[in-house]
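Peer 1: Quick one: the structure is below, and I'll ask about it shortly.
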Amino acid sequence: MDGVIAKSVHRASPYREAAEAFVADLEREHSLHSYWLQPDCPDLPTLWVGQENLLPFLRFLKQEISRPFDMLYDLSAIDERLRRHRGDGGNRQPESDFTVVYHLLSFSRDLFIRVKLALPESRLCAPSVSSIWANANWYEREAWDLFGIEFAGHPNLRRIMMPQTWEGHPLRKDHYARATEVDPFTLSAEKQRREQDALLFKPEEWGMARASDSSEFMFLNLGPNHPSVHGVFRVALQLDGEKIVDAVPDIGYHHRGAEKMAERQAWHTYVPYTDRVDYLGGVMNNLPYVLALEQLAGIQVPPRAQVIRVMMCELFRIASHLVFYGTFAQDVGQMSPVFYMFVDREKLFGIVEAITGGRMHPAWFRIGGVAQDLPEGWDKMIREFLDYMPARLREYDGMVIDNKLLQKRTRGIGVYNREEAIEWGITGPGLRATGYEWDLRKQRPYCGYDQFEFDIPTFDGGDCFDRCRVRVEEIRQSLRIIRQCLDNMPGGPYKSDHRLTTPPVKGRTMQDIETLIQHFVNNSWGPVMPPGETCFPVEATKGLNSYQIISDGGTNAYRTRIRTPSFPHLQMIPLMSRGLLVADLIAIIASIDFVMADVDR
Amino acid sequence: MSTTIWISLANIFGVLVAAVLLAALLTWGERRLLGFWQDRPGPNRVGPFGLFQVVADMIKLFFKEDFIPRFADRPVFILAPTIVMASMLLGFAVIPVAPMVGVIDLNVGLLFFLAMSSMAVYSVILGAYASNNKYALLGGLRAAAQTVSYEVFMGLSLMGVVMMAGSFNLREIVLAQQGGWFILPQAIGFLVFFIAGIAESHRLPFDLPEAEHELTAGFHTEYSSMKFGMFFVGEYLSVILISALITTLFLGGWLGPWLPPMVWFFLKTGFLVMIFVLLRAAIPRPRYDQLMQFGWKIMLPLSLANLLATGGVLLWLG
């Protein structure tokens with residue numbers, strides 16, 4: 001195991017080939033050559049396109065090119081105005097004040113690419129791509145909200161994260177990051193009235209009619225505080241009797257500005273913030289962040305650290321899926337399972353606590369490895385859990401999965417097929433429930449996942465029930481992976497001795513004054529990461545999660561974009577719930593398995 | 001003469017106090033039982049075995065702000081929760097607890113019970129209507145539809161028993177079971193009535209009018225303090241009432257060897273109450289339309305068939 005893992009780590013980027021094939025195809029098939037290929041990112045092809053060429057070019061990538069880019073993986077923006085390192089010589093990126101970044105994914109090529117659009121500050125307007133990819137709708141609203149970039153042709157360009165009355169665009173570099181940077185908050189009677197007026201529900205603003213020819217609709221405000229919306233999530237329902245005519249999700253109640261915070265935290269001190277993005281995923285959130293930084297800094301992570309990471313991530317995958325499993329049953333009215341599953345999760349947290357010292361948010365991964373070595377006796381705890389869990393899962397099968405009433409409530413409810421899922425940016429178990437065997441751990445193995453034996457469970461129904469079954473099977477597969485970690489835990493260091501790891505290696509200090517200063521600086525300010533852009537998607541508990549990090553050669557990120565799975569998943573609710581009953585909507589919401597912090601960040 | 005008055009007074013207050021006390025106790029008992037089945041302790045801190053939790057909850061409820069929303073229909077809003085308490089307590093009047101124990105010996109006892117249980121529906125519907133809240137409205141709609149449909153075969157399912165006993169008088173029905181409990185010949189009637197009884201008392205899996213996961217708290221969303229408390233106790237009263245009635249109609253009431261009649265009655269009723277709690281712990285909630293389908297397409301034909309078969313057999317036996 002030791003040697004094998006090491007081999008998989010030292011392999012040069014395995015996606016270079018796919019990237020080169022794509023570039024060749026592009027040159028052959030795209031006659032206009034209306035793009036500029038940025039030369040310094042060979043693994044993640046980055047194409048700059050002019051405004052007028054954007055829509056045709058993206059349409060070409062989605063529809064015409066061989067093995068097309070079917071999914072809009074992410075859409076975000078960068079405020080480039082204060083950025084110093086934008087490449088030199090032939091690598092010099094085009095002049096831009098704000099850059100819109102379209103992150104595309106081709107399943108057939110197994111390749112991510114970036115398309116970038118440069119915008120001058122004087123005319124911040126991009127053409128909307130919501131006519132090409134359905135899920136661009138929310139992403140563009142987000143970019144408008146946080147950067148003030150307009151999207152021409154967008155059907156409903158309103159704020160999505162911030163309140164409608166917010167002034168300014170928070171992710172711009174000239175917007176304050178902390179309340180202490182501005183005058184104290186006051187609320188005059190006039191302002192209060194204005195704020196409250198803005199909260200008044202007007203169905204027209206949500207794109208809903210008040211009545212049809214035959215009936216007057218009832219509007220039901222479900223959330224943001226409702227027992228079944230799993231956090232602060234609001235759905236405005238247009239009802240005809242109990243039948244849902246339309247359901248419009250409203251998010252942003254859990255927005256904490258995690259991306260803005262990343263711009264003032266040091267590389268190392270941002271790790272705990274990532275924990276709180278998908279707050280059920282624990283260290284799983286640290287992983288894409290540290291992997292991206294390690295890619296940027298060129299750090300090789302030792303095998304032991306890799307296997308420890310895999311083990312901890314899979315433990316958290318189980319913990320997260322157990323919460324899903326229990327609350328799913330609870331939301332269709334089954335009272336008891338959630339208690340049994342929380343008991344199991346508690347056992348898991350016991351292990352996590354013994355290893356990391358934390359429970360839900362251990363913030364335990366470090367740039368270059370993990371925080372500590374495994375404690376004595378860790379293997380015994382894990383083995384006990386591995387022996388205990390399968391019987392419990394069998395019991396839950398009988399209680400939940402085999403329950404006829406639960407099947408009646410969830411079978412054929414909230415159905416979407418594979419094409420729809422890809423169109424809307426669905427990843428993770430929600431995609432695998434449509435019968436598509438696609439798991440990033442198999443497709444683009446990271447952390448040495450290629451060395452583990454496990455299956456990708458899939459079911460064909462694409463309904464609530466199958467989304468549940470996929471997750472249940474994933475728990476079993478995770479147990480398998482953990483068993484392999486347990487049996488093959490390599491020896492060696494738990495952290496790389498690269499100079500950019502955090503916290504810096506103690507052994508390097510005390511040589512002379514230089515090393516002492518270096519150590520001191522790296523501890524207090526944190527390391528200085530080389531300038532560049534990096535992104536590393538991982539298969540998180542709920543789907544693909546990645547941190548797109550831009551370093552400007554400083555001690556903190558110039559821009560951090562967090563692509564979370566839950567955000568696009570929620571956008572699909574209207575499509576899944578139209579024509580069904582309120583009770584079905586609750587089952588659908590439960591089956592998506594989202595975390596509001598993962599949506600709003 | 002005066003002794004009979006004393007006896008009936010003792011009976012009236014005895015049954016009244018026992019019903020209310022048991023309902024209050026059941027709020028604790030249910031949570032302990034659920035806790036037991038769900039691998040957790042349940043309320044176990046206040047007093048011995050957490051028994052005084054009931055008292056603590058009562059005190060808490062009394063001191064909560066008794067809030068009536070501005071937009072509510074005030075008189076109806078206040079009246080609604082009292083109906084369920086009153087009708088359920090009145091229902092206990094006809095229950096024959098033991099040979100000499102019981103408030104009243106009505107000839108139409110069974111019909112009286114059905115009337116009272118129908119009255120209780122008004123409580124839910126009026127409460128929902130008066131709240132002027134959309135969740136409550138949906139809850140009220142569901143309650144109306146659910147109760148109306150389930151009441152149809154609730155009554156029908158009992159007719160087999162009535163035929164066999166030849167009386168609507170509950171005391172006579174118990175005495176008619178001396179040869180054998182009606183649960184055996186009337187197994188279908190028993191099942192149908194039991195299911196209808198759960199639906200009548202809006203308990204999981206038939207708690208659609210409340211359905212906390214869908215309608216937050218359904219018909220009593222806007223209720224607080226003792227008004228909520230009355231709905232709450234009303235629900236437990238109806239659980240006990242239905243259990244007591246099943247005991248009377250199908251399980252031979254107070255009949256049983258060795259132990260005193262009263263003890264038998266309480267044992268059987270207690271067992272049924274426990275089944276109610278167990279069902280709540282185990283079964284998910286069907287959807288509203290599934291519930292209606294189940295009622296009209298399965299339960300109603302079943303109870304009609306039962307009625308027909310019972311009648312046929314009785315005729316054949318002469």
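Letters A, B, ... mark the chains of the structure tokens in the order given; residue numbers begin at 1 per chain; ligand numbers begin at 1, in order shown.
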Within 7 Å of chain A, which residues of chain B are there when counting only C-alpha atoms? Please give them as a short mmCIF file (atom, residue, chain, number, x, y, z; two decimals) with N, CA and C atoms, in the first residue's frame.
Peer 2:
```
data_model
loop_
_atom_site.label_atom_id
_atom_site.label_comp_id
_atom_site.auth_asym_id
_atom_site.auth_seq_id
_atom_site.Cartn_x
_atom_site.Cartn_y
_atom_site.Cartn_z
N GLN B 38 -36.97 4.46 21.61
CA GLN B 38 -36.07 5.21 20.74
C GLN B 38 -34.68 5.36 21.35
N ASP B 39 -34.33 4.47 22.26
CA ASP B 39 -32.99 4.48 22.85
C ASP B 39 -32.64 5.79 23.54
N LYS B 134 -52.90 30.29 7.18
CA LYS B 134 -52.98 29.37 6.04
C LYS B 134 -52.63 27.93 6.42
N HIS B 213 -44.40 18.19 10.06
CA HIS B 213 -43.36 18.37 9.06
C HIS B 213 -43.85 19.12 7.84
N GLU B 214 -45.16 19.14 7.67
CA GLU B 214 -45.69 19.82 6.50
C GLU B 214 -46.35 21.14 6.90
N THR B 216 -46.37 22.77 9.92
CA THR B 216 -45.83 23.25 11.21
C THR B 216 -46.64 22.68 12.37
N ALA B 281 -44.66 5.53 17.15
CA ALA B 281 -43.21 5.39 17.08
C ALA B 281 -42.77 4.70 15.79
N ALA B 282 -43.65 3.90 15.22
CA ALA B 282 -43.17 3.01 14.15
C ALA B 282 -43.52 3.42 12.73
N ILE B 283 -44.65 4.05 12.52
CA ILE B 283 -45.18 4.14 11.16
C ILE B 283 -45.05 5.55 10.60
N PRO B 284 -44.63 5.65 9.34
CA PRO B 284 -44.62 6.96 8.69
C PRO B 284 -46.02 7.42 8.33
N ARG B 285 -46.10 8.68 7.92
CA ARG B 285 -47.40 9.28 7.67
C ARG B 285 -47.74 9.15 6.18
N PRO B 286 -48.93 8.60 5.86
CA PRO B 286 -49.30 8.54 4.45
C PRO B 286 -49.65 9.94 3.95
N ARG B 287 -49.76 10.06 2.65
CA ARG B 287 -50.13 11.35 2.10
C ARG B 287 -51.64 11.50 2.17
#
```
Peer 1: I'd like the contact shell of Leu114 in chain B - 9 Å cut-off, only C-alpha atoms, skipping same-chain residues fewer than 2 positions apart - returned as a PyMOL selection string.
Peer 2: chain B and resi 91+109-112+116-119+151+154-155
Peer 1: Keeping only C-alpha atoms, write the selected residues to a file as a PDB file, in the first residue's frame.
Peer 2:
```
ATOM      1  CA  GLY B  91     -67.998  10.590  25.853  1.00  0.00           C
ATOM      2  CA  GLY B 109     -74.820   4.640  24.591  1.00  0.00           C
ATOM      3  CA  LEU B 110     -72.980   3.741  21.451  1.00  0.00           C
ATOM      4  CA  LEU B 111     -74.768   6.362  19.405  1.00  0.00           C
ATOM      5  CA  PHE B 112     -74.046   8.895  22.101  1.00  0.00           C
ATOM      6  CA  MET B 116     -69.639  13.077  20.852  1.00  0.00           C
ATOM      7  CA  SER B 117     -66.731  11.993  18.728  1.00  0.00           C
ATOM      8  CA  SER B 118     -68.281  13.816  15.768  1.00  0.00           C
ATOM      9  CA  MET B 119     -68.647  16.917  17.898  1.00  0.00           C
ATOM     10  CA  GLU B 151     -66.577   8.502  10.544  1.00  0.00           C
ATOM     11  CA  MET B 154     -66.323   4.030  12.035  1.00  0.00           C
ATOM     12  CA  GLY B 155     -70.056   3.779  12.654  1.00  0.00           C
TER      13      GLY B 155
END
```
Peer 1: For range 66-69 of chain A, please output as a PyMOL selection string all residues within 7 Å (counting only C-alpha atoms; exclusion window: fewer than 5 positions along the same chain).
Peer 2: chain A and resi 61+104-106+108-109
Peer 1: Excluding range 156-169 of chain A and residues on its chain fewer than 6 positions from it, collect all residues at most 9 Å away from it, counting only C-alpha atoms, and give them as a PDB file with C-alpha atoms, in the first residue's frame.
Peer 2:
```pdb
ATOM      1  CA  ASN A 137     -30.056  31.536 -13.616  1.00  0.00           C
ATOM      2  CA  TRP A 138     -29.091  31.546  -9.958  1.00  0.00           C
ATOM      3  CA  GLU A 140     -25.865  34.955 -12.627  1.00  0.00           C
ATOM      4  CA  ARG A 141     -28.117  36.412  -9.983  1.00  0.00           C
ATOM      5  CA  GLU A 142     -25.390  35.701  -7.474  1.00  0.00           C
ATOM      6  CA  TRP A 144     -25.043  40.390 -10.038  1.00  0.00           C
ATOM      7  CA  ASP A 145     -25.734  40.527  -6.327  1.00  0.00           C
ATOM      8  CA  LEU A 146     -22.166  40.206  -5.130  1.00  0.00           C
ATOM      9  CA  PHE A 147     -20.272  41.954  -7.951  1.00  0.00           C
ATOM     10  CA  GLY A 148     -22.837  44.164  -9.649  1.00  0.00           C
ATOM     11  CA  GLU A 150     -25.400  42.795 -15.176  1.00  0.00           C
ATOM     12  CA  HIS A 175     -16.872  47.024  -0.347  1.00  0.00           C
ATOM     13  CA  ARG A 194     -38.610  50.794   3.790  1.00  0.00           C
ATOM     14  CA  GLU A 195     -37.122  47.485   4.880  1.00  0.00           C
ATOM     15  CA  ALA A 198     -39.428  45.347   0.798  1.00  0.00           C
ATOM     16  CA  LEU A 199     -40.464  42.206   2.666  1.00  0.00           C
ATOM     17  CA  GLU A 205     -42.178  39.684  -8.312  1.00  0.00           C
ATOM     18  CA  TRP A 206     -41.736  35.946  -7.932  1.00  0.00           C
ATOM     19  CA  GLY A 207     -43.123  35.279 -11.360  1.00  0.00           C
ATOM     20  CA  ASP A 250     -35.734  31.930  -1.768  1.00  0.00           C
ATOM     21  CA  ILE A 251     -32.240  31.632  -0.347  1.00  0.00           C
ATOM     22  CA  GLY A 252     -29.678  33.878   1.271  1.00  0.00           C
ATOM     23  CA  TYR A 253     -30.845  33.683   4.874  1.00  0.00           C
ATOM     24  CA  HIS A 254     -27.718  31.778   5.807  1.00  0.00           C
ATOM     25  CA  HIS A 255     -25.301  33.926   3.829  1.00  0.00           C
ATOM     26  CA  ASP A 600     -25.526  30.434   0.924  1.00  0.00           C
TER      27      ASP A 600
END
```
Peer 1: Tell me, as JSON, numbers by chain, which residues lie within 9 Å of Val273 in chain B, counting only C-alpha atoms; anything in the same chain fewer than 6 positions away does not count.
Peer 2: {"B": [26, 30, 239, 240, 242, 243, 244]}
Peer 1: I need the residues from that last selection saved to file as a tab-separated table (two decimals), in the first residue's frame (with C-alpha atoms), if you can.
Peer 2:
```tsv
chain	number	residue	atom	x	y	z
B	26	LEU	CA	-50.45	9.88	29.44
B	30	GLU	CA	-46.20	8.47	26.05
B	239	VAL	CA	-56.89	8.19	22.79
B	240	ILE	CA	-58.06	6.89	26.14
B	242	ILE	CA	-61.18	5.13	21.95
B	243	SER	CA	-59.14	2.54	23.83
B	244	ALA	CA	-61.80	2.27	26.53
```
Peer 1: Give the helix (DSSP H, G or I) residues of range 126-268 of chain A, as DSSP finds them on the backbone, and put them as a PyMOL selection string.
Peer 2: chain A and resi 136-147+179-181+189-199+203-206+258-262+268
Peer 1: Could you work out how far CA of Leu440 in chain A lies from CA of Gly462 in chain A, giving the answer in Å with one decimal?
Peer 2: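 Between CA of Gly462 in chain A and CA of Leu440 in chain A the gap is 19.3 Å.
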Peer 1: May I ask for the distance between CA of Trp254 in chain B and CA of Val277 in chain B, given in Å to one decimal place?
Peer 2: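 Computing the Euclidean distance for CA of Trp254 in chain B and CA of Val277 in chain B yields 22.5 Å.
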Peer 1: For a test of reading the model, state the distance in Å between CA of Ala292 in chain A and CA of Gln548 in chain A, rounded to one decimal.
Peer 2: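 That distance, rounded to one decimal, is 7.5 Å.
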Peer 1: Which residues are close to Gly189 in chain B, i.e. within 12 Å by only C-alpha atoms, leaving aside same-chain residues fewer than 6 positions away? Reply as a ChimeraX atom specification.
Peer 2: /B:153-164,182-183,195-197,246,249-250,299-310
